[in-house]
Amino acid sequence: MADAAAVPFFSARGAAFGIDLVPVLAGVVASGRYVLGPQVGAFEAAFARYLGVAEAVGVANGTDALTLALRALGVGAGQRVVTAANAGGYGSTAIAQLGAVPLLVDIDADDLTLSPDALAAALGQGGVAAVIVTHLYGRMADVARIAALCQQAGVPLIEDCAQAHGARRAGRRAGAWGAIGCFSFYPTKNLGALGDGGAVVTDDAGLAERLRALRQYGWARKYEVSLPGGINSRLDELQAAVLLAKLPRLDAANAERRAIAARYSTAFAGLPLVCPAAPDQDHVAHLYVVRTGQRERLRAHLAAVGVASEVHYPLPDHRQPVFAGAAMPQLPVAETACAEVLSLPCYPGLSEAQVTQVIDAVCDFFVGRRRC
Ligand SMILES: *Cc1c(COP(=O)(O)O)cnc(C)c1O
């Protein structure tokens, strides 16, 4: 994750939100409770309150969150689950774990999230067991319309919020729109642990109870397996304590990300480069993603001057080697996006000077001088 670039793609110091985490960890070490203890309980309660949902259930990672969400909703082998093809493959991985089938639909050309029109067409064909919408790059999808379409069709909606902790539209946070919201606390996420972690959130007490059983062997109580399909996917106390300490500063960290994104977009306004829309409350700038037909050349130019960049994501799900030979749909918008997207450094702790360095490097590439 960390590298020696002048402007790296991730900062461990920035990710700590200015908190000394060592005493937090020491407290857990001394407590003697390490898995699903009081820190997990306290974090679950705080995270649910922050999101405005009834229940949060800590799990081991974001991919398990998606898998457990599907399982709690009763999705099983052979059933079809709608998801977008440009969102990193996490949804498809979770769907495949259940023996279910990803029904990949195309994305909106402006915001690169699940297209409501494409979703409506897929739902119209029938036979859809669930829908996963990913709030990609930190920007909320058209979740009001998507939720309405799902409700009309009687199909449960799962929000993948692994890049959108704290995003809010019409007073409602990402994760509070669907039947279940799924989060990852991988260290680079907007709310990150010092290792793996995840959560599943819901307003439905019955779903929450199933999720709590499924994350721990399917137990209704200790050593009594009552639900099929249970796994071991628990959140540990060290990670929960870190997340609990960081949560009160999440909104400020998101504001810092947004301010960096706004600086980039202002600076790049005259360049032949597609920039994301100005980040509002419903965009927590998890990634600052530009689009250009000259991606590989721009990336090489940035690397040469010490500016790290990444591609999220180079291959749409249906072009992944694991699906080679299977009949796959044509998804022109997703395919073009995957060929053009480039993520620039955007995270708390990135200094003004570093942001200027990124801006200068991008301007230099397009117009041959620093400052565009
Ligand atoms: C990171 C991520 C995941 C997976 O989370 P893990 O904790 O790495 O399993 C799922 N969906 C999206 C959109 C992500 O960015």
# chains A, B, ... in the order shown; residues from 1 in each chain; ligands from 1

call {"tool": "residues_around", "arguments": {"residues": "range 46-56 of chain A", "least_positions_apart": "6", "cutoff": "12 Å", "atoms": "only C-alpha atoms", "output": "number ranges by chain"}}
result
A: 39-40, 65, 69, 161, 164-169, 171-183, 191, 198-212, 235, 240-241, 243-251

call {"tool": "residues_near_ligand", "arguments": {"ligand": "ligand 1", "cutoff": "10 Å", "atoms": "only C-alpha atoms and all ligand atoms", "output": "PyMOL selection string"}}
result
chain A and resi 59-67+86-94+133-138+159-164+182-189+192-193+195-199+286-287+312

call {"tool": "write_last_selection", "arguments": {"atoms": "N, CA and C atoms", "output": "short mmCIF file (atom, residue, chain, number, x, y, z; two decimals), in the first residue's frame"}}
result
data_model
loop_
_atom_site.label_atom_id
_atom_site.label_comp_id
_atom_site.auth_asym_id
_atom_site.auth_seq_id
_atom_site.Cartn_x
_atom_site.Cartn_y
_atom_site.Cartn_z
N VAL A 59 -18.44 -7.90 10.75
CA VAL A 59 -17.98 -9.13 10.10
C VAL A 59 -16.50 -8.97 9.72
N ALA A 60 -15.94 -9.99 9.08
CA ALA A 60 -14.49 -10.04 8.89
C ALA A 60 -13.99 -9.15 7.76
N ASN A 61 -14.81 -8.86 6.76
CA ASN A 61 -14.37 -8.05 5.62
C ASN A 61 -15.58 -7.70 4.75
N GLY A 62 -15.36 -6.86 3.76
CA GLY A 62 -16.47 -6.38 2.93
C GLY A 62 -17.02 -7.43 1.99
N THR A 63 -16.19 -8.33 1.55
CA THR A 63 -16.67 -9.39 0.64
C THR A 63 -17.58 -10.34 1.40
N ASP A 64 -17.19 -10.70 2.63
CA ASP A 64 -18.07 -11.51 3.48
C ASP A 64 -19.38 -10.77 3.76
N ALA A 65 -19.30 -9.45 3.95
CA ALA A 65 -20.52 -8.67 4.19
C ALA A 65 -21.51 -8.89 3.05
N LEU A 66 -21.01 -8.84 1.81
CA LEU A 66 -21.89 -9.04 0.65
C LEU A 66 -22.42 -10.48 0.60
N THR A 67 -21.54 -11.43 0.85
CA THR A 67 -21.93 -12.85 0.80
C THR A 67 -23.00 -13.14 1.86
N ASN A 86 -18.32 -2.84 -13.38
CA ASN A 86 -17.10 -2.02 -13.29
C ASN A 86 -16.70 -1.72 -11.85
N ALA A 87 -17.25 -2.48 -10.89
CA ALA A 87 -17.11 -2.11 -9.48
C ALA A 87 -16.12 -2.98 -8.73
N GLY A 88 -15.15 -3.51 -9.43
CA GLY A 88 -14.07 -4.23 -8.76
C GLY A 88 -14.28 -5.72 -8.61
N GLY A 89 -15.46 -6.20 -8.98
CA GLY A 89 -15.68 -7.65 -8.97
C GLY A 89 -16.09 -8.22 -7.62
N TYR A 90 -16.22 -7.36 -6.59
CA TYR A 90 -16.53 -7.88 -5.25
C TYR A 90 -17.93 -8.49 -5.20
N GLY A 91 -18.89 -7.81 -5.82
CA GLY A 91 -20.26 -8.33 -5.86
C GLY A 91 -20.31 -9.67 -6.57
N SER A 92 -19.65 -9.75 -7.72
CA SER A 92 -19.66 -11.01 -8.48
C SER A 92 -19.00 -12.14 -7.70
N THR A 93 -17.94 -11.79 -6.95
CA THR A 93 -17.27 -12.80 -6.12
C THR A 93 -18.22 -13.34 -5.06
N ALA A 94 -18.94 -12.44 -4.41
CA ALA A 94 -19.89 -12.86 -3.37
C ALA A 94 -21.00 -13.70 -3.98
N VAL A 133 -26.23 -2.62 -5.60
CA VAL A 133 -25.81 -1.34 -6.17
C VAL A 133 -24.55 -0.89 -5.42
N THR A 134 -23.52 -0.52 -6.16
CA THR A 134 -22.26 -0.07 -5.55
C THR A 134 -22.16 1.45 -5.66
N HIS A 135 -21.95 2.11 -4.53
CA HIS A 135 -21.73 3.57 -4.54
C HIS A 135 -20.24 3.80 -4.86
N LEU A 136 -19.94 3.72 -6.14
CA LEU A 136 -18.55 3.61 -6.58
C LEU A 136 -17.78 4.93 -6.43
N TYR A 137 -16.54 4.83 -6.01
CA TYR A 137 -15.62 5.96 -5.85
C TYR A 137 -16.07 6.91 -4.75
N GLY A 138 -17.09 6.53 -3.98
CA GLY A 138 -17.59 7.40 -2.91
C GLY A 138 -18.83 8.16 -3.29
N GLU A 159 -26.96 -2.47 -0.78
CA GLU A 159 -26.04 -1.39 -1.14
C GLU A 159 -24.62 -1.80 -0.78
N ASP A 160 -23.71 -1.74 -1.73
CA ASP A 160 -22.30 -1.93 -1.43
C ASP A 160 -21.72 -0.54 -1.14
N CYS A 161 -21.48 -0.29 0.15
CA CYS A 161 -21.03 1.03 0.62
C CYS A 161 -19.55 1.01 0.98
N ALA A 162 -18.80 0.07 0.46
CA ALA A 162 -17.40 -0.09 0.85
C ALA A 162 -16.54 1.11 0.46
N GLN A 163 -17.07 1.97 -0.43
CA GLN A 163 -16.33 3.17 -0.82
C GLN A 163 -17.10 4.43 -0.42
N ALA A 164 -18.13 4.30 0.39
CA ALA A 164 -19.03 5.43 0.59
C ALA A 164 -19.45 5.65 2.04
N CYS A 182 -23.72 -2.90 2.99
CA CYS A 182 -22.49 -3.65 3.26
C CYS A 182 -21.29 -2.71 3.26
N PHE A 183 -20.43 -2.87 4.26
CA PHE A 183 -19.25 -2.01 4.40
C PHE A 183 -17.99 -2.85 4.52
N SER A 184 -16.90 -2.30 4.00
CA SER A 184 -15.56 -2.84 4.23
C SER A 184 -14.78 -1.80 5.03
N PHE A 185 -13.94 -2.27 5.94
CA PHE A 185 -13.03 -1.36 6.67
C PHE A 185 -11.58 -1.67 6.34
N TYR A 186 -11.34 -2.13 5.12
CA TYR A 186 -9.97 -2.31 4.63
C TYR A 186 -9.23 -0.98 4.86
N PRO A 187 -7.92 -1.04 5.15
CA PRO A 187 -7.23 0.18 5.59
C PRO A 187 -7.36 1.40 4.68
N THR A 188 -7.52 1.21 3.38
CA THR A 188 -7.59 2.37 2.48
C THR A 188 -8.98 2.99 2.36
N LYS A 189 -9.99 2.35 2.95
CA LYS A 189 -11.36 2.87 2.79
C LYS A 189 -11.53 4.16 3.60
N GLY A 192 -11.21 3.14 7.81
CA GLY A 192 -10.36 1.96 7.65
C GLY A 192 -9.82 1.45 8.97
N ALA A 193 -9.67 0.14 9.08
CA ALA A 193 -9.08 -0.50 10.26
C ALA A 193 -7.58 -0.65 10.03
N GLY A 195 -6.28 -3.51 9.41
CA GLY A 195 -6.33 -4.87 8.89
C GLY A 195 -7.69 -5.02 8.23
N ASP A 196 -8.18 -6.24 8.15
CA ASP A 196 -9.49 -6.45 7.53
C ASP A 196 -10.62 -6.22 8.52
N GLY A 197 -11.75 -5.82 8.00
CA GLY A 197 -12.97 -5.68 8.80
C GLY A 197 -14.12 -5.35 7.88
N GLY A 198 -15.33 -5.54 8.38
CA GLY A 198 -16.51 -5.23 7.57
C GLY A 198 -17.73 -5.13 8.46
N ALA A 199 -18.84 -4.68 7.88
CA ALA A 199 -20.10 -4.63 8.61
C ALA A 199 -21.26 -4.77 7.65
N HIS A 286 -14.00 8.97 -2.11
CA HIS A 286 -13.12 7.84 -1.78
C HIS A 286 -11.96 7.78 -2.77
N LEU A 287 -12.30 7.95 -4.04
CA LEU A 287 -11.27 8.02 -5.08
C LEU A 287 -11.57 9.23 -5.96
N HIS A 312 -8.93 1.93 -11.16
CA HIS A 312 -10.06 1.26 -10.48
C HIS A 312 -11.26 1.23 -11.43
#

call {"tool": "atom_distance", "arguments": {"atom1": "CA of Ala267 in chain A", "atom2": "CA of Asp364 in chain A"}}
result
12.1 Å

call {"tool": "closest_residue", "arguments": {"among": "A:Leu68, A:Gln357, A:Val82, A:Pro314", "to": "Leu119 in chain A", "atoms": "only C-alpha atoms"}}
result
A:Val82
